[in-house]
>>> print(open('data.json').read())   # JSON, C-alpha atoms and all ligand atoms
[["chain", "number", "residue", "atom", "x", "y", "z"],
["A", 1, "MET", "CA", 16.97, 87.93, 49.24],
["A", 2, "ASN", "CA", 15.46, 87.88, 45.78],
["A", 3, "SER", "CA", 11.80, 86.84, 45.81],
["A", 4, "GLU", "CA", 12.55, 84.17, 43.20],
["A", 5, "ALA", "CA", 15.41, 82.57, 45.07],
["A", 6, "LEU", "CA", 14.81, 78.89, 45.77],
["A", 7, "ASN", "CA", 13.51, 77.89, 49.18],
["A", 8, "ASP", "CA", 16.95, 77.14, 50.53],
["A", 9, "PRO", "CA", 19.65, 78.75, 48.40],
["A", 10, "THR", "CA", 22.45, 77.26, 50.50],
["A", 11, "ARG", "CA", 21.24, 73.77, 49.63],
["A", 12, "VAL", "CA", 23.69, 72.28, 47.13],
["A", 13, "THR", "CA", 22.55, 69.22, 45.22],
["A", 14, "ALA", "CA", 25.29, 66.64, 44.70],
["A", 15, "PRO", "CA", 26.08, 65.54, 41.13],
["A", 16, "PRO", "CA", 25.09, 61.98, 40.13],
["A", 17, "ALA", "CA", 27.57, 59.48, 41.55],
["A", 18, "GLY", "CA", 29.99, 57.48, 39.40],
["A", 19, "GLY", "CA", 29.22, 55.53, 36.27],
["A", 20, "GLY", "CA", 27.20, 52.41, 35.58],
["A", 21, "ARG", "CA", 28.04, 49.02, 37.02],
["A", 22, "GLY", "CA", 29.67, 46.20, 35.07],
["A", 23, "THR", "CA", 26.99, 43.79, 33.86],
["A", 24, "TRP", "CA", 27.12, 40.38, 32.22],
["A", 25, "TRP", "CA", 25.59, 41.67, 28.99],
["A", 26, "ALA", "CA", 28.17, 44.49, 28.76],
["A", 27, "TRP", "CA", 30.96, 41.89, 28.99],
["A", 28, "CYS", "CA", 29.34, 39.07, 27.00],
["A", 29, "ILE", "CA", 27.38, 40.96, 24.32],
["A", 30, "TRP", "CA", 28.26, 44.64, 24.09],
["A", 31, "LEU", "CA", 32.06, 44.23, 24.25],
["A", 32, "PRO", "CA", 32.23, 41.33, 21.73],
["A", 33, "GLY", "CA", 29.85, 43.36, 19.52],
["A", 34, "CYS", "CA", 32.31, 46.28, 19.53],
["A", 35, "VAL", "CA", 35.20, 43.93, 18.71],
["A", 36, "ALA", "CA", 33.19, 42.38, 15.84],
["A", 37, "PHE", "CA", 32.48, 45.86, 14.51],
["A", 38, "ALA", "CA", 36.22, 46.65, 14.73],
["A", 39, "ALA", "CA", 36.97, 43.47, 12.72],
["A", 40, "LEU", "CA", 34.57, 44.71, 10.03],
["A", 41, "VAL", "CA", 36.37, 48.08, 10.02],
["A", 42, "ALA", "CA", 39.74, 46.28, 9.68],
["A", 43, "TRP", "CA", 38.45, 44.41, 6.62],
["A", 44, "ALA", "CA", 37.04, 47.60, 5.04],
["A", 45, "VAL", "CA", 40.32, 49.44, 5.68],
["A", 46, "SER", "CA", 42.43, 46.66, 4.20],
["A", 47, "GLU", "CA", 40.24, 46.74, 1.04],
["A", 48, "LEU", "CA", 40.29, 50.55, 0.87],
["A", 49, "SER", "CA", 44.02, 50.92, 1.47],
["A", 50, "ARG", "CA", 44.77, 49.10, -1.81],
["A", 51, "SER", "CA", 43.43, 52.05, -3.80],
["A", 52, "PHE", "CA", 43.54, 54.94, -1.29],
["A", 53, "SER", "CA", 46.36, 55.38, 1.18],
["A", 54, "PRO", "CA", 47.58, 58.98, 1.47],
["A", 55, "LEU", "CA", 50.05, 59.23, 4.35],
["A", 56, "GLY", "CA", 48.29, 59.56, 7.71],
["A", 57, "VAL", "CA", 44.86, 60.45, 6.32],
["A", 58, "LEU", "CA", 43.31, 56.97, 6.29],
["A", 59, "PRO", "CA", 44.37, 55.94, 9.85],
["A", 60, "LEU", "CA", 43.16, 59.28, 11.21],
["A", 61, "ALA", "CA", 39.79, 58.88, 9.46],
["A", 62, "VAL", "CA", 39.57, 55.30, 10.77],
["A", 63, "GLY", "CA", 40.27, 56.52, 14.33],
["A", 64, "LEU", "CA", 37.50, 59.12, 14.04],
["A", 65, "VAL", "CA", 34.98, 56.62, 12.63],
["A", 66, "LEU", "CA", 35.91, 54.01, 15.26],
["A", 67, "GLY", "CA", 35.71, 56.53, 18.14],
["A", 68, "ALA", "CA", 32.36, 57.94, 16.99],
["A", 69, "SER", "CA", 30.94, 54.43, 16.47],
["A", 70, "LEU", "CA", 32.01, 53.19, 19.92],
["A", 71, "VAL", "CA", 30.51, 56.28, 21.57],
["A", 72, "ALA", "CA", 27.29, 55.77, 19.57],
["A", 73, "LEU", "CA", 27.15, 52.05, 20.57],
["A", 74, "MET", "CA", 27.70, 53.02, 24.20],
["A", 75, "ARG", "CA", 24.86, 55.57, 24.16],
["A", 76, "LEU", "CA", 22.51, 53.43, 22.07],
["A", 77, "PHE", "CA", 22.76, 50.44, 24.41],
["A", 78, "GLN", "CA", 23.12, 52.60, 27.56],
["A", 79, "MET", "CA", 26.35, 50.84, 28.49],
["A", 80, "GLY", "CA", 27.47, 52.93, 31.47],
["A", 81, "HIS", "CA", 30.44, 50.97, 32.85],
["A", 82, "ARG", "CA", 33.46, 53.17, 32.18],
["A", 83, "PRO", "CA", 36.21, 50.49, 32.49],
["A", 84, "THR", "CA", 34.34, 48.34, 29.92],
["A", 85, "ALA", "CA", 34.13, 51.35, 27.58],
["A", 86, "TRP", "CA", 37.91, 51.88, 27.82],
["A", 87, "LEU", "CA", 38.50, 48.15, 27.29],
["A", 88, "ALA", "CA", 36.33, 48.36, 24.15],
["A", 89, "VAL", "CA", 38.49, 51.23, 22.83],
["A", 90, "GLY", "CA", 41.72, 49.31, 23.51],
["A", 91, "LEU", "CA", 40.53, 46.02, 22.01],
["A", 92, "SER", "CA", 38.87, 47.66, 18.99],
["A", 93, "VAL", "CA", 41.98, 49.67, 18.10],
["A", 94, "ALA", "CA", 44.14, 46.53, 18.49],
["A", 95, "VAL", "CA", 41.75, 44.54, 16.26],
["A", 96, "VAL", "CA", 41.72, 47.27, 13.58],
["A", 97, "VAL", "CA", 45.51, 47.71, 13.58],
["A", 98, "VAL", "CA", 46.53, 44.04, 13.84],
["A", 99, "GLY", "CA", 43.55, 42.92, 11.72],
["A", 100, "GLN", "CA", 44.69, 44.97, 8.72],
["A", 101, "HIS", "CA", 48.17, 43.41, 8.79],
["A", 102, "TRP", "CA", 46.73, 39.95, 9.42],
["A", 103, "LEU", "CA", 44.46, 40.23, 6.36],
["A", 104, "GLY", "CA", 47.51, 41.30, 4.32],
["A", 105, "TYR", "CA", 49.41, 38.29, 5.67],
["A", 106, "ARG", "CA", 46.57, 35.86, 4.83],
["A", 107, "ALA", "CA", 46.37, 37.29, 1.29],
["A", 108, "ALA", "CA", 50.15, 36.81, 0.90],
["A", 109, "VAL", "CA", 49.89, 33.17, 2.08],
["A", 110, "VAL", "CA", 47.06, 32.43, -0.37],
["A", 111, "GLU", "CA", 49.03, 34.06, -3.20],
["A", 112, "ALA", "CA", 52.21, 32.12, -2.28],
["A", 113, "ASP", "CA", 50.26, 28.82, -2.24],
["A", 114, "ARG", "CA", 48.68, 29.60, -5.62],
["A", 115, "ARG", "CA", 52.06, 30.36, -7.18],
["A", 116, "SER", "CA", 53.63, 27.27, -5.68],
["A", 117, "GLU", "CA", 50.85, 25.09, -7.09],
["A", 118, "GLU", "CA", 51.22, 26.69, -10.54],
["A", 119, "PHE", "CA", 54.99, 26.22, -10.39],
["A", 120, "GLN", "CA", 54.66, 22.53, -9.49],
["A", 121, "LYS", "CA", 52.14, 21.95, -12.28],
["A", 122, "THR", "CA", 54.40, 23.61, -14.85],
["A", 123, "GLN", "CA", 57.39, 21.63, -13.55],
["A", 124, "ALA", "CA", 55.43, 18.37, -13.83],
["A", 125, "LYS", "CA", 54.57, 19.23, -17.44],
["A", 126, "PHE", "CA", 57.92, 20.47, -18.68],
["A", 127, "GLY", "CA", 60.29, 18.82, -16.19],
["A", 128, "GLU", "CA", 63.86, 20.10, -16.11],
["A", 129, "LEU", "CA", 63.07, 22.91, -18.56],
["A", 130, "VAL", "CA", 61.47, 24.88, -15.73],
["A", 131, "ARG", "CA", 64.04, 26.44, -13.45],
["A", 132, "GLY", "CA", 64.11, 29.13, -10.79],
["A", 133, "SER", "CA", 62.57, 29.47, -7.35],
["A", 134, "LEU", "CA", 59.59, 31.16, -5.78],
["A", 135, "PRO", "CA", 59.72, 33.82, -3.07],
["A", 136, "PRO", "CA", 59.37, 32.16, 0.36],
["A", 137, "ARG", "CA", 55.89, 31.71, 1.88],
["A", 138, "PRO", "CA", 55.56, 33.90, 5.03],
["A", 139, "ALA", "CA", 55.65, 31.58, 8.06],
["A", 140, "SER", "CA", 53.91, 33.97, 10.45],
["A", 141, "LEU", "CA", 52.48, 37.48, 10.72],
["A", 142, "VAL", "CA", 55.77, 38.84, 12.07],
["A", 143, "ASP", "CA", 57.66, 37.05, 9.30],
["A", 144, "TYR", "CA", 55.32, 38.64, 6.73],
["A", 145, "LEU", "CA", 55.82, 42.12, 8.22],
["A", 146, "ARG", "CA", 59.63, 41.63, 8.22],
["A", 147, "GLY", "CA", 59.45, 40.74, 4.52],
["A", 148, "GLU", "CA", 57.22, 43.76, 3.78],
["A", 149, "ALA", "CA", 59.62, 46.06, 5.66],
["A", 150, "GLN", "CA", 62.56, 44.64, 3.68],
["A", 151, "ARG", "CA", 60.77, 45.18, 0.36],
["A", 152, "GLY", "CA", 59.69, 48.67, 1.43],
["A", 153, "ARG", "CA", 56.27, 50.03, 2.26],
["A", 154, "PRO", "CA", 54.94, 52.23, -0.59],
["A", 155, "LEU", "CA", 53.65, 55.55, 0.73],
["A", 156, "SER", "CA", 51.67, 58.27, -1.08],
["A", 157, "THR", "CA", 52.83, 61.66, 0.17],
["A", 158, "VAL", "CA", 52.22, 65.21, -1.07],
["A", 159, "PHE", "CA", 55.74, 65.03, -2.53],
["A", 160, "GLY", "CA", 54.92, 61.89, -4.49],
["A", 161, "GLN", "CA", 55.50, 58.16, -3.98],
["A", 162, "TYR", "CA", 58.00, 57.07, -1.38],
["A", 163, "SER", "CA", 59.13, 53.67, -0.17],
["A", 164, "ALA", "CA", 59.73, 53.28, 3.56],
["A", 165, "LYS", "CA", 62.20, 50.44, 4.15],
["A", 166, "GLY", "CA", 63.43, 48.58, 7.23],
["A", 167, "ALA", "CA", 63.04, 50.45, 10.51],
["A", 168, "LEU", "CA", 61.27, 53.30, 8.72],
["A", 169, "ALA", "CA", 58.48, 50.93, 7.65],
["A", 170, "TRP", "CA", 58.01, 49.80, 11.29],
["A", 171, "ILE", "CA", 57.96, 53.46, 12.41],
["A", 172, "THR", "CA", 55.25, 54.33, 9.86],
["A", 173, "TRP", "CA", 53.16, 51.35, 11.02],
["A", 174, "THR", "CA", 53.52, 52.52, 14.63],
["A", 175, "VAL", "CA", 52.54, 56.09, 13.70],
["A", 176, "ASP", "CA", 49.51, 54.73, 11.80],
["A", 177, "ALA", "CA", 48.45, 52.75, 14.88],
["A", 178, "LEU", "CA", 48.78, 55.85, 17.08],
["A", 179, "LEU", "CA", 46.75, 57.88, 14.56],
["A", 180, "VAL", "CA", 43.93, 55.34, 14.94],
["A", 181, "LEU", "CA", 44.24, 55.25, 18.74],
["A", 182, "ALA", "CA", 44.42, 59.01, 19.48],
["A", 183, "PRO", "CA", 41.03, 60.17, 18.04],
["A", 184, "ALA", "CA", 39.25, 57.13, 19.50],
["A", 185, "VAL", "CA", 40.68, 57.84, 22.99],
["A", 186, "VAL", "CA", 39.89, 61.59, 22.80],
["A", 187, "MET", "CA", 36.29, 60.98, 21.64],
["A", 188, "MET", "CA", 35.65, 58.34, 24.31],
["A", 189, "GLY", "CA", 37.27, 60.59, 26.95],
["A", 190, "PHE", "CA", 34.86, 63.42, 26.12],
["A", 191, "ALA", "CA", 31.86, 61.07, 25.97],
["A", 192, "LEU", "CA", 32.65, 59.59, 29.39],
["A", 193, "ARG", "CA", 32.66, 63.04, 31.00],
["A", 194, "ARG", "CA", 28.87, 62.98, 30.67],
["A", 195, "PRO", "CA", 27.13, 61.74, 33.83],
["A", 196, "PHE", "CA", 25.38, 58.37, 33.98],
["A", 197, "CYS", "CA", 22.29, 57.69, 36.10],
["A", 198, "ARG", "CA", 22.63, 54.48, 38.10],
["A", 199, "LYS", "CA", 18.97, 54.53, 39.13],
["A", 200, "CYS", "CA", 17.47, 54.12, 35.66],
["A", 201, "GLY", "CA", 20.72, 53.06, 33.90],
["A", 202, "SER", "CA", 20.91, 55.77, 31.25],
["A", 203, "TRP", "CA", 23.33, 58.42, 30.06],
["A", 204, "TYR", "CA", 22.37, 62.03, 30.71],
["A", 205, "ALA", "CA", 21.23, 63.85, 27.57],
["A", 206, "THR", "CA", 20.11, 67.38, 26.74],
["A", 207, "ARG", "CA", 16.34, 67.53, 27.33],
["A", 208, "ARG", "CA", 15.92, 71.24, 26.84],
["A", 209, "SER", "CA", 18.13, 74.02, 25.49],
["A", 210, "GLY", "CA", 17.81, 77.37, 23.79],
["A", 211, "SER", "CA", 18.33, 81.12, 23.92],
["A", 212, "LEU", "CA", 17.04, 83.50, 26.59],
["A", 213, "ASP", "CA", 16.71, 87.26, 26.61],
["A", 214, "ALA", "CA", 18.59, 89.22, 29.29],
["A", 215, "GLN", "CA", 15.49, 89.50, 31.52],
["A", 216, "ALA", "CA", 14.82, 85.76, 31.64],
["A", 217, "ALA", "CA", 18.54, 85.07, 32.18],
["A", 218, "ARG", "CA", 18.47, 87.44, 35.17],
["A", 219, "ARG", "CA", 15.48, 85.64, 36.69],
["A", 220, "LEU", "CA", 17.23, 82.28, 36.34],
["A", 221, "ALA", "CA", 20.53, 83.61, 37.69],
["A", 222, "ALA", "CA", 18.65, 85.07, 40.69],
["A", 223, "ALA", "CA", 16.81, 81.80, 41.33],
["A", 224, "LEU", "CA", 20.10, 79.89, 41.22],
["A", 225, "GLU", "CA", 21.90, 82.59, 43.24],
["A", 226, "LEU", "CA", 24.46, 83.07, 40.49],
["A", 227, "PRO", "CA", 26.44, 86.31, 40.24],
["A", 228, "LEU", "CA", 25.59, 88.13, 37.01],
["A", 229, "GLU", "CA", 27.49, 91.05, 35.52],
["A", 230, "ASP", "CA", 25.47, 94.20, 34.80],
["A", 231, "SER", "CA", 26.63, 94.10, 31.19],
["A", 232, "ALA", "CA", 25.39, 90.52, 30.67],
["A", 233, "GLY", "CA", 23.16, 90.28, 27.61],
["A", 234, "ALA", "CA", 21.37, 87.42, 25.91],
["A", 235, "ALA", "CA", 22.02, 83.96, 27.36],
["A", 236, "ARG", "CA", 21.82, 80.30, 26.43],
["A", 237, "TYR", "CA", 20.69, 77.49, 28.70],
["A", 238, "ARG", "CA", 20.84, 73.71, 28.73],
["A", 239, "LEU", "CA", 19.01, 71.23, 30.94],
["A", 240, "ILE", "CA", 20.40, 67.69, 31.08],
["A", 241, "CYS", "CA", 18.53, 64.74, 32.59],
["A", 242, "CYS", "CA", 18.61, 60.96, 32.48],
["A", 243, "ASN", "CA", 15.90, 58.98, 30.64],
["A", 244, "GLN", "CA", 13.55, 58.68, 33.62],
["A", 245, "GLY", "CA", 14.22, 62.19, 34.93],
["A", 246, "CYS", "CA", 15.60, 60.93, 38.27],
["A", 247, "ALA", "CA", 17.16, 63.67, 40.39],
["A", 248, "PRO", "CA", 19.57, 65.38, 40.11],
["A", 249, "SER", "CA", 19.26, 67.27, 36.82],
["A", 250, "GLY", "CA", 22.07, 69.38, 35.44],
["A", 251, "PHE", "CA", 21.57, 72.98, 34.35],
["A", 252, "SER", "CA", 24.03, 75.28, 32.63],
["A", 253, "LEU", "CA", 23.68, 78.93, 31.74],
["A", 254, "SER", "CA", 26.06, 81.01, 29.64],
["A", 255, "TRP", "CA", 25.69, 84.54, 28.36],
["A", 256, "GLU", "CA", 27.32, 87.20, 26.26],
["A", 257, "GLY", "CA", 28.74, 90.31, 27.87],
["A", 258, "ASN", "CA", 27.40, 93.40, 26.06],
["A", 259, "SER", "CA", 30.75, 95.16, 26.33],
["A", 260, "SER", "CA", 33.08, 92.50, 24.93],
["A", 261, "GLY", "CA", 30.62, 90.36, 23.01],
["A", 262, "ALA", "CA", 32.54, 87.31, 24.19],
["A", 263, "CYS", "CA", 30.60, 84.34, 25.50],
["A", 264, "LYS", "CA", 31.17, 83.99, 29.24],
["A", 265, "ARG", "CA", 30.46, 80.99, 31.41],
["A", 266, "ALA", "CA", 28.60, 81.58, 34.61],
["A", 267, "PRO", "CA", 30.85, 80.99, 37.66],
["A", 268, "TYR", "CA", 28.92, 78.04, 39.09],
["A", 269, "PRO", "CA", 29.31, 76.61, 42.56],
["A", 270, "LEU", "CA", 31.63, 73.62, 43.06],
["A", 271, "GLY", "CA", 33.86, 74.99, 40.27],
["A", 272, "SER", "CA", 31.74, 73.24, 37.67],
["A", 273, "GLU", "CA", 29.99, 74.50, 34.56],
["A", 274, "ILE", "CA", 26.84, 72.68, 35.65],
["A", 275, "VAL", "CA", 24.54, 73.38, 38.59],
["A", 276, "TRP", "CA", 22.87, 70.23, 39.93],
["A", 277, "LEU", "CA", 19.20, 70.54, 40.82],
["A", 278, "ASP", "CA", 16.94, 68.31, 42.89],
["A", 279, "ASP", "CA", 13.30, 67.75, 41.84],
["A", 280, "GLN", "CA", 12.04, 70.87, 43.60],
["A", 281, "GLN", "CA", 14.76, 73.10, 42.18],
["A", 282, "ARG", "CA", 14.23, 71.68, 38.68],
["A", 283, "THR", "CA", 10.47, 72.29, 38.84],
["A", 284, "ARG", "CA", 11.15, 75.94, 39.76],
["A", 285, "ILE", "CA", 13.68, 76.41, 36.93],
["A", 286, "VAL", "CA", 11.38, 74.74, 34.38],
["A", 287, "ALA", "CA", 8.54, 77.04, 35.55],
["A", 288, "ILE", "CA", 10.72, 80.11, 34.93],
["A", 289, "LEU", "CA", 11.68, 78.73, 31.49],
["A", 290, "ASP", "CA", 8.00, 78.11, 30.69],
["A", 291, "GLU", "CA", 6.99, 81.60, 31.83],
["A", 292, "SER", "CA", 9.70, 83.07, 29.61],
["A", 293, "ARG", "CA", 8.69, 80.90, 26.68],
["A", 294, "ASN", "CA", 7.60, 83.87, 24.57],
["A", 295, "SER", "CA", 11.14, 85.15, 24.59],
["A", 296, "LEU", "CA", 12.71, 81.70, 24.06],
["A", 297, "THR", "CA", 13.96, 80.14, 20.88],
["A", 298, "PRO", "CA", 14.18, 76.47, 21.79],
["A", 299, "ASP", "CA", 16.83, 74.35, 20.06],
["A", 300, "SER", "CA", 15.18, 71.10, 20.99],
["B", 1, "ZN", "ZN", 17.71, 58.17, 36.01]]
>>> encode(input="data.json", output="structure tokens", more="lines below")
Ligand SMILES: [Zn+2]
Amino acid sequence: MNSEALNDPTRVTAPPAGGGRGTWWAWCIWLPGCVAFAALVAWAVSELSRSFSPLGVLPLAVGLVLGASLVALMRLFQMGHRPTAWLAVGLSVAVVVVGQHWLGYRAAVVEADRRSEEFQKTQAKFGELVRGSLPPRPASLVDYLRGEAQRGRPLSTVFGQYSAKGALAWITWTVDALLVLAPAVVMMGFALRRPFCRKCGSWYATRRSGSLDAQAARRLAAALELPLEDSAGAARYRLICCNQGCAPSGFSLSWEGNSSGACKRAPYPLGSEIVWLDDQQRTRIVAILDESRNSLTPDS
């Protein structure tokens, strides 16, 4: 056995269990906060879409901004309850999508009331001389959308202006909603793959990462009992921990094969890209990293 192998190489540390628990503040403060933020986004989008609405671009950008913001809010406030995070994505997307149309509907109602008032004033002044009728005031959100679909939704495409009428207008609204939903779901999905520490209630984050020369990579691979190809060259490492450094810590090592030059992932136990270390194992790995410091180029 290699002299640097850990005391008991067959000992496998289990990854941190599950996510955070549902708490009253996550339900009563964090979730409503996300929904309020989504309402703000809906307002900004409805203002922006009056001057800038190239087909598909705006909803996609909104989905990306919304997804990134929800992930940031989750990390910032260490909200670790996964079902609440998914609920926040669902509600926020619904608020952004429905909110935009609702703001359009409210604006149409205000405009219809203003016109009606003007019409009545003019009629009172000039009596029978004033004829004609006003377009009907939308009775509800659905009624407003039906009217908009009938009139045709103006679309800016690369081929110029186009008006989507009837069913086509409803289809474009549905596609827009999906374009908001998809990036938000993908971003949250990736964010939730990160482990959460129940002990100290924090998301795991990269505490240490950088490059290693082949010699240091070999020492680490030996200590972790990882198979390493002879052609393996320079490597990169990453150590992830929770805020308080509770065990277990995650460690990943990847290196470039000298022959192909392609970056290869180490074949870790448990079929994962990350090896989980207990306190003793982590201390040993950190010691090796410290000893190899002269050959390291830390990223953080
Ligand atoms: Zn912890």
>>> axis_aligned_box(input="data.json", around="stretch 156-160 of chain A", padding_each_side="5 Å", output="AutoDock Vina command-line options")
--center_x 53.7 --center_y 61.7 --center_z -2.2 --size_x 14.1 --size_y 16.9 --size_z 14.7
>>> residues_around(input="data.json", residues="A:Leu220", least_positions_apart="4", cutoff="8 Å", atoms="all atoms listed in the file", output="list in words")
Ala216, Leu224, Ile285 and Ile288 of chain A
>>> closest_residue(input="data.json", among="A:Ala61, A:Ala221, A:Ala287, A:Ala247", to="ligand ZN 1 (chain B)", atoms="only C-alpha atoms and all ligand atoms")
A:Ala247
>>> residues_around(input="data.json", residues="stretch 231-245 of chain A", least_positions_apart="6", cutoff="7 Å", atoms="all atoms listed in the file", output="short mmCIF file (atom, residue, chain, number, x, y, z; two decimals) with C-alpha atoms, in the frame of the given file")
data_model
loop_
_atom_site.label_atom_id
_atom_site.label_comp_id
_atom_site.auth_asym_id
_atom_site.auth_seq_id
_atom_site.Cartn_x
_atom_site.Cartn_y
_atom_site.Cartn_z
CA CYS A 197 22.29 57.69 36.10
CA CYS A 200 17.47 54.12 35.66
CA SER A 202 20.91 55.77 31.25
CA TRP A 203 23.33 58.42 30.06
CA TYR A 204 22.37 62.03 30.71
CA ALA A 205 21.23 63.85 27.57
CA THR A 206 20.11 67.38 26.74
CA ARG A 207 16.34 67.53 27.33
CA ARG A 208 15.92 71.24 26.84
CA SER A 209 18.13 74.02 25.49
CA GLY A 210 17.81 77.37 23.79
CA SER A 211 18.33 81.12 23.92
CA LEU A 212 17.04 83.50 26.59
CA ASP A 213 16.71 87.26 26.61
CA ALA A 214 18.59 89.22 29.29
CA ALA A 217 18.54 85.07 32.18
CA PHE A 251 21.57 72.98 34.35
CA SER A 252 24.03 75.28 32.63
CA LEU A 253 23.68 78.93 31.74
CA SER A 254 26.06 81.01 29.64
CA TRP A 255 25.69 84.54 28.36
CA GLU A 256 27.32 87.20 26.26
CA GLY A 257 28.74 90.31 27.87
CA ASN A 258 27.40 93.40 26.06
CA SER A 259 30.75 95.16 26.33
#
>>> closest_residue(input="data.json", among="A:Val57, A:Cys34, A:Ala44, A:Cys246", to="ligand ZN 1 (chain B)", atoms="only C-alpha atoms and all ligand atoms")
A:Cys246
>>> residues_around(input="data.json", residues="A:Pro135", least_positions_apart="2", cutoff="9 Å", atoms="only C-alpha atoms", output="list in words")
Ala112, Ser133 and Arg137 of chain A
>>> residues_around(input="data.json", residues="stretch 68-70 of chain A", least_positions_apart="4", cutoff="10 Å", atoms="all atoms listed in the file", output="PyMOL selection string")
chain A and resi 31+34-35+37-38+62-64+74-76+85-86+88-89+92+183-184+187-188+191
>>> closest_residue(input="data.json", among="A:Pro59, A:Pro136, A:Gly189, A:Pro32", to="A:Val71", atoms="all atoms listed in the file")
A:Gly189
>>> build_atoms(input="data.json", residues="stretch 203-215 of chain A", atoms="N, CA and C atoms", output="compact mmCIF listing (two decimals), in the frame of the given file")
# COMPACT_ATOMS: atom_id res chain seq x y z
N TRP A 203 22.43 57.28 30.16
CA TRP A 203 23.33 58.42 30.06
C TRP A 203 22.50 59.70 30.08
N TYR A 204 23.04 60.74 30.72
CA TYR A 204 22.37 62.03 30.71
C TYR A 204 22.38 62.57 29.28
N ALA A 205 21.31 63.24 28.90
CA ALA A 205 21.23 63.85 27.57
C ALA A 205 20.53 65.19 27.71
N THR A 206 20.75 66.07 26.71
CA THR A 206 20.11 67.38 26.74
C THR A 206 18.62 67.22 26.50
N ARG A 207 17.79 67.64 27.46
CA ARG A 207 16.34 67.53 27.33
C ARG A 207 15.75 68.85 26.87
N ARG A 208 16.45 69.94 27.17
CA ARG A 208 15.92 71.24 26.84
C ARG A 208 17.09 72.20 26.69
N SER A 209 17.08 73.02 25.65
CA SER A 209 18.13 74.02 25.49
C SER A 209 17.61 75.14 24.61
N GLY A 210 18.25 76.27 24.65
CA GLY A 210 17.81 77.37 23.79
C GLY A 210 18.40 78.70 24.21
N SER A 211 17.86 79.76 23.62
CA SER A 211 18.33 81.12 23.92
C SER A 211 17.35 81.79 24.89
N LEU A 212 17.86 82.74 25.64
CA LEU A 212 17.04 83.50 26.59
C LEU A 212 17.37 84.97 26.42
N ASP A 213 16.38 85.84 26.61
CA ASP A 213 16.71 87.26 26.61
C ASP A 213 17.32 87.61 27.98
N ALA A 214 17.87 88.83 28.08
CA ALA A 214 18.59 89.22 29.29
C ALA A 214 17.70 89.14 30.53
N GLN A 215 16.40 89.48 30.37
CA GLN A 215 15.49 89.50 31.52
C GLN A 215 15.28 88.09 32.09
